[in-house]
Amino acid sequence: MRASRSSWPSGRPYGRFTHTLRGRTMTRDEFLGRLGELLACLPAEQVEETKAFYAEAIADRMEDGMSEEEAVAAMGAPGEVAEATLDDLPAVPRAIARTRRRSTALLWVLTIVGSPVWVPLLAAFAAVAVTVYICIWVLALCVWIVAAALGGVGVVELLLAVSGVTIGHFPYALASAGVGLGLVGVALFVGAGAWAASKQIARLSALWARKAASPFWKGKGEKGGAAAHLAA
């Protein structure tokens, strides 16, 4: 005999609940409705996005020739889908969602009581992330400054060489021209290295920013838990 909703254990995985309802396979609307109930701990927009994804997946399978019941069964149990969706969240939103699923009051209590701990930790984490990001770009800026300084000194030496020619001091003009051309050449070489380093640093800084944000946010390019669940 199937357990009533009031007897479902709060806060436990939903994977035990099958995609049947009173001995029959769920319809699409019943599946999506149950999925929405299980994901009520998430923001409404995210719940609707997940439901729309599975509604489209069911429709695609029906277009391929499946019946509605077969297409719904292919999605798996609503509990399994809900768990896959929660597991796909970044660490912090996932912990918040699971705590909220157990009790909204518990979430508020943990937030308030734990604030003396998590607020300083969050501030320290943000400070470290920003500091690393700034240091990376300061390194790139230093390379560009060195290239600009060498180029500037080289241009000055070339101007002095022109002055030497003007006053008829040819040995001085020749020496200045040689030094100027050498410094300009080194500046161009360092500038090319600075450009390559800047591109690499930009890539590394973007990677660092993604890593720093990964506990709180997930990039759109990453494979979602819903897609992975269907592919399994």
# chains A, B, ... in the order shown; residues from 1 in each chain; ligands from 1
$ residues_around --residues "segment 26-32 of chain A" --least-positions-apart "2" --cutoff "12 Å" --atoms "only C-alpha atoms" --output "PyMOL selection string"
chain A and resi 17-24+34-39+47-59+61-62+67-82
$ atom_distance --atom1 "atom CA of His169 of chain A" --atom2 "atom CA of Gly152 of chain A"
22.8 Å
$ atom_distance --atom1 "atom CA of Ala123 of chain A" --atom2 "atom CA of Ile201 of chain A"
24.8 Å
$ closest_residue --among "A:Gly65, A:Gln46, A:Gly185, A:Val113" --to "Thr85 of chain A" --atoms "only C-alpha atoms"
A:Gln46
$ atom_distance --atom1 "atom CA of Ala175 of chain A" --atom2 "atom CA of Ala194 of chain A"
28.0 Å
$ closest_residue --among "A:Ile134, A:Gly164, A:Leu141, A:Pro171" --to "Gly191 of chain A" --atoms "only C-alpha atoms"
A:Leu141
$ closest_residue --among "A:Ala40, A:Gly33, A:Glu63, A:Trp137" --to "Ala206 of chain A" --atoms "only C-alpha atoms"
A:Trp137
